[in-house]
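Chemist: Structure incoming, see below.
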Amino acid sequence: MIQLQHIKKSYEHHVVIQDLSLEIKNGELLVIVGQSGSGKTTLLNMMSGIITPESGEIFYNQQKLTMEDAEQLRLKSGYVLQSSSLFPHLTVLENLFIQPRARQEKWTKEEQMEKGKELCQQVQLDPSCLTQYPKELSGGQQQRVSIARALANQPQFILLDEPFSALDPFIRKQLQDLLLELHKTHLDITFVMVTHDMEEALKLGDRIAVLHEGKLEQVGSPKEIMDQPKTAFVEELFAGKNLDAFWFRTFLTTISKVPVKNEIPVIQNFSQLLELTKVRKDDPILFQFNHCGYQTTFSAILQFISKELRQW
Ligand code: ADP
């Protein structure tokens with residue numbers, strides 16, 4: 001468990017984090033959201049010991065974080081940044097072994113390759129990438145390697161700073177799904193992720209911490225944040241997040257496209273799609289959105305709802 005108690009941090013006379021207290025539970029996926037400049041990265045950097053708070057204390061499993069053990073902590077944790085922080089002159093496999101090498105662990109070439117393949121499998125990356133250099137990979141593949149590198153550390157926690165912001169919507173969705181999958185399969189790892197995208201926060205977070213001008217406005221489940229916003233700021237931040245339209249766009253990335261024909265109904269959101277559903281599970285349902293035709297089935301909709309809309 002990570003505990004922040006009365007943390008404060010300023011630069012010159014500018015107070016960036018003000019008397020902030022937060023408890024992050026073991027194994028949860030906590031998303032910190034806030035507008036640009038609200039102090040999200042500063043907060044994450046304090047959790048990883050890169051920046052020391054001016055006052056207040058940070059505890060890991062009841063142990064106070066000191067400057068002396070911050071380095072040790074970083075070696076046991078994972079950090080994923082917005083744009084790939086892979087070393088360009090090292091292969092993917094060598095990048096994966098940066099931290100174990102820093103800890104002076106001895107791995108034979110064969111053991112490294114074996115572990116590399118296992119990590120590739122966890123992040124759904126073709127193992128042929130292991131001998132490639134980062135610039136030979138796409139942005140999405142590079143982020144998968146960054147996540148694999150974080151996992152290679154056998155971390156207690158992984159900090160992610162806007163990890164998917166630079167990716168296009170389709171790849172972004174794949175990576176969000178991967179993170180949810182890893183969260184489900186690695187129950188012992190605590191994930192703390194920063195984003196300025198409210199919809200991403202709603203999709204991924206077990207809990208969301210809303211940061212505004214260095215203060216926590218509210219910490220709660222996505223449902224609590226949407227249904228019972230504690231402050232006018234939280235309400236405004238999440239207002240107009242048309243979740244129906246958001247889930248609808250997400251659903252479109254999972255189904256097949258078909259040619260557009262005039263007789264195919266035009267729809268705009270998930271509610272309208274549900275109105276088109278047919279009782280027989282595998283009858284094709286055709287519709288168009290934004291001048292593109294799509295085909296789905298009642299079973300596919302049910303499957304999507306049970307997988308994606310877990311908290312609604
Ligand atoms: P966010 O991640 O929410 O965009 P940051 O934590 O990066 O916010 O920054 C919060 C505020 O602190 C900003 O006003 C930023 O300009 C300021 N800040 C961050 N790092 C430094 C620094 N090293 N020196 C001076 N000001 C900084």
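Chain labels run A, B, ... following the order of the structure tokens; each chain numbers its residues from 1, and ligands are numbered from 1 in the order shown.
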Using only C-alpha atoms and all ligand atoms, what are the residues with an atom within 12 Å of ligand 1, set out as an NGL selection string?
Modeler: :A and (8-18 or 32-46 or 50-52 or 81-82 or 160-162 or 193-197 or 210-215)
Chemist: Can you tell me, as a ChimeraX atom specification, what residues are no more than 6 Å from region 216-222 of chain A when counting only C-alpha atoms, ignoring any on the same chain fewer than 2 positions away?
Modeler: /A:202,206-211,224-225
Chemist: From a DSSP pass on the backbone, collect the residues of region 40-269 of chain A flagged as helix (DSSP H, G or I) and hand them back as number ranges by chain.
Modeler: A: 40-47, 67-75, 92-96, 98-102, 109-122, 127-131, 134-136, 139-152, 169-185, 198-204, 222-227, 232-238, 243-252
Chemist: Excluding Ile189 (chain A) and its own-chain neighbours fewer than 3 positions away, which residues fall within 10 Å of it when counting only C-alpha atoms? Please give them as a ChimeraX atom specification.
Modeler: /A:26-29,77,151,154-158,182-186,192
Chemist: How about saving the chosen residues, all heavy atoms kept, as a compact mmCIF listing (two decimals), in the first residue's frame?
Modeler:
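out_22.txt written:
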```txt
# COMPACT_ATOMS: atom_id res chain seq x y z
N ASN A 26 -3.18 -1.95 -2.13
CA ASN A 26 -2.42 -2.97 -2.85
C ASN A 26 -3.25 -3.57 -3.96
O ASN A 26 -4.40 -3.96 -3.75
CB ASN A 26 -2.00 -4.09 -1.89
CG ASN A 26 -0.69 -3.76 -1.23
OD1 ASN A 26 0.07 -2.93 -1.74
ND2 ASN A 26 -0.43 -4.38 -0.10
N GLY A 27 -2.68 -3.64 -5.14
CA GLY A 27 -3.34 -4.34 -6.24
C GLY A 27 -4.40 -3.54 -6.96
O GLY A 27 -5.02 -4.04 -7.89
N GLU A 28 -4.61 -2.27 -6.61
CA GLU A 28 -5.64 -1.52 -7.33
C GLU A 28 -5.05 -0.79 -8.53
O GLU A 28 -3.83 -0.64 -8.65
CB GLU A 28 -6.38 -0.55 -6.41
CG GLU A 28 -5.70 0.75 -6.13
CD GLU A 28 -6.63 1.76 -5.41
OE1 GLU A 28 -7.82 1.86 -5.76
OE2 GLU A 28 -6.15 2.44 -4.50
N LEU A 29 -5.94 -0.38 -9.42
CA LEU A 29 -5.53 0.48 -10.54
C LEU A 29 -6.14 1.85 -10.25
O LEU A 29 -7.35 2.04 -10.38
CB LEU A 29 -6.05 -0.09 -11.87
CG LEU A 29 -5.41 0.41 -13.17
CD1 LEU A 29 -5.89 -0.43 -14.35
CD2 LEU A 29 -5.56 1.86 -13.46
N SER A 77 10.45 -0.97 -9.00
CA SER A 77 9.16 -0.52 -9.52
C SER A 77 9.25 -0.37 -11.03
O SER A 77 10.32 -0.50 -11.61
CB SER A 77 8.77 0.80 -8.88
OG SER A 77 9.78 1.75 -9.12
N LEU A 151 7.28 -4.67 -16.30
CA LEU A 151 6.94 -5.98 -15.71
C LEU A 151 8.20 -6.80 -15.42
O LEU A 151 8.21 -7.61 -14.49
CB LEU A 151 6.04 -6.78 -16.67
CG LEU A 151 4.61 -6.26 -16.86
CD1 LEU A 151 3.95 -7.00 -18.02
CD2 LEU A 151 3.79 -6.44 -15.60
N GLN A 154 9.67 -7.31 -11.93
CA GLN A 154 8.85 -7.94 -10.89
C GLN A 154 8.43 -6.90 -9.86
O GLN A 154 8.72 -7.02 -8.67
CB GLN A 154 9.60 -9.08 -10.25
CG GLN A 154 9.85 -10.16 -11.29
CD GLN A 154 10.64 -11.31 -10.76
OE1 GLN A 154 11.57 -11.14 -9.99
NE2 GLN A 154 10.28 -12.48 -11.18
N PRO A 155 7.77 -5.86 -10.34
CA PRO A 155 7.51 -4.70 -9.48
C PRO A 155 6.35 -4.92 -8.52
O PRO A 155 5.45 -5.72 -8.79
CB PRO A 155 7.12 -3.62 -10.49
CG PRO A 155 6.46 -4.37 -11.60
CD PRO A 155 7.13 -5.71 -11.67
N GLN A 156 6.38 -4.17 -7.41
CA GLN A 156 5.21 -4.14 -6.52
C GLN A 156 4.21 -3.15 -7.09
O GLN A 156 3.03 -3.26 -6.88
CB GLN A 156 5.62 -3.70 -5.13
CG GLN A 156 6.42 -4.77 -4.42
CD GLN A 156 6.94 -4.29 -3.09
OE1 GLN A 156 6.66 -3.18 -2.66
NE2 GLN A 156 7.71 -5.14 -2.45
N PHE A 157 4.75 -2.13 -7.77
CA PHE A 157 3.84 -1.17 -8.38
C PHE A 157 4.42 -0.63 -9.69
O PHE A 157 5.64 -0.66 -9.90
CB PHE A 157 3.50 -0.02 -7.43
CG PHE A 157 4.69 0.81 -7.05
CD1 PHE A 157 5.03 1.94 -7.77
CD2 PHE A 157 5.48 0.45 -5.96
CE1 PHE A 157 6.13 2.68 -7.43
CE2 PHE A 157 6.57 1.20 -5.62
CZ PHE A 157 6.91 2.32 -6.35
N ILE A 158 3.52 -0.20 -10.56
CA ILE A 158 3.93 0.38 -11.84
C ILE A 158 3.27 1.76 -11.94
O ILE A 158 2.06 1.89 -11.73
CB ILE A 158 3.49 -0.51 -13.02
CG1 ILE A 158 4.22 -1.86 -12.95
CG2 ILE A 158 3.77 0.17 -14.36
CD1 ILE A 158 3.92 -2.81 -14.11
N LEU A 182 -3.68 -6.98 -17.84
CA LEU A 182 -2.54 -7.15 -16.93
C LEU A 182 -2.97 -6.92 -15.48
O LEU A 182 -2.53 -7.61 -14.57
CB LEU A 182 -1.40 -6.18 -17.29
CG LEU A 182 -0.71 -6.47 -18.63
CD1 LEU A 182 0.25 -5.34 -18.98
CD2 LEU A 182 0.05 -7.80 -18.58
N HIS A 183 -3.86 -5.95 -15.32
CA HIS A 183 -4.36 -5.65 -13.96
C HIS A 183 -5.13 -6.86 -13.42
O HIS A 183 -5.03 -7.21 -12.24
CB HIS A 183 -5.26 -4.41 -14.06
CG HIS A 183 -5.94 -4.06 -12.78
ND1 HIS A 183 -5.33 -4.11 -11.55
CD2 HIS A 183 -7.19 -3.62 -12.53
CE1 HIS A 183 -6.17 -3.74 -10.62
NE2 HIS A 183 -7.31 -3.44 -11.17
N LYS A 184 -5.84 -7.53 -14.31
CA LYS A 184 -6.63 -8.70 -13.90
C LYS A 184 -5.73 -9.90 -13.58
O LYS A 184 -6.00 -10.67 -12.68
CB LYS A 184 -7.57 -9.09 -15.06
CG LYS A 184 -9.03 -9.17 -14.63
CD LYS A 184 -9.93 -9.81 -15.64
CE LYS A 184 -10.04 -9.08 -16.96
NZ LYS A 184 -10.72 -9.83 -18.00
N THR A 185 -4.62 -10.03 -14.36
CA THR A 185 -3.78 -11.22 -14.19
C THR A 185 -2.63 -11.01 -13.19
O THR A 185 -2.01 -11.96 -12.76
CB THR A 185 -3.19 -11.67 -15.54
OG1 THR A 185 -2.64 -10.53 -16.20
CG2 THR A 185 -4.26 -12.29 -16.43
N HIS A 186 -2.31 -9.77 -12.87
CA HIS A 186 -1.23 -9.49 -11.90
C HIS A 186 -1.83 -8.82 -10.68
O HIS A 186 -1.67 -7.62 -10.47
CB HIS A 186 -0.16 -8.58 -12.52
CG HIS A 186 0.61 -9.21 -13.62
ND1 HIS A 186 0.10 -9.44 -14.86
CD2 HIS A 186 1.89 -9.69 -13.65
CE1 HIS A 186 1.01 -10.02 -15.62
NE2 HIS A 186 2.10 -10.18 -14.92
N VAL A 192 -0.59 2.82 -10.81
CA VAL A 192 -1.01 4.21 -10.64
C VAL A 192 -0.77 4.90 -11.97
O VAL A 192 0.36 4.95 -12.45
CB VAL A 192 -0.22 4.93 -9.53
CG1 VAL A 192 -0.77 6.34 -9.32
CG2 VAL A 192 -0.28 4.15 -8.22
```
Chemist: Which residue gives the smallest distance to Asn153 (chain A) among A:Tyr294, A:Phe287, A:Phe97, A:Phe87, with only C-alpha atoms counted?
Modeler: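 Under the stated criterion, the closest residue is A:Phe97.
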Chemist: Write out as a list in words which residues come within 12 Å of Lys281 (chain A) when counting only C-alpha atoms, dropping same-chain ones fewer than 4 positions away.
Modeler: Thr277, Ile285, Thr296, Thr297, Phe298, Ser299, Ala300, Ile301, Leu302 and Gln303 of chain A
Chemist: List the spatial neighbours of Ala166 (chain A) as a VMD selection string - criterion: any atom at most 9 Å away, only C-alpha atoms, same-chain residues fewer than 6 positions off excluded.
Modeler: chain A and resid 82 to 83 139 172
Chemist: Would you mind telling me which residue in A:Leu86, A:Ala70, A:Val31, A:Met226 lies nearest to Gln141 (chain A) when using only C-alpha atoms?
Modeler: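 The closest residue to Gln141 (chain A) is A:Leu86.
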Chemist: Closest to Leu274 (chain A) among A:Tyr79, A:Phe248, A:Ala232, A:Pro259, using only C-alpha atoms?
Modeler: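 Checking each of A:Tyr79, A:Phe248, A:Ala232, A:Pro259 against Leu274 (chain A), counting only C-alpha atoms, the winner is A:Phe248.
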Chemist: Given the choices A:Thr253, A:Gln121, A:Gln63, A:Gln295, which gets closest to Asp283 (chain A) if the distance is worked out from only C-alpha atoms?
Modeler: A:Gln295
Chemist: Figure out the distance between CA of Ile264 (chain A) and CA of Arg249 (chain A), please, to one decimal in Å.
Modeler: 18.1 Å
Chemist: Between A:Ile147, A:Leu4, A:Pro229, A:Gln268, which has the minimum distance to Phe191 (chain A) (counting only C-alpha atoms)?
Modeler: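 The answer is A:Ile147, which sits nearest to Phe191 (chain A).
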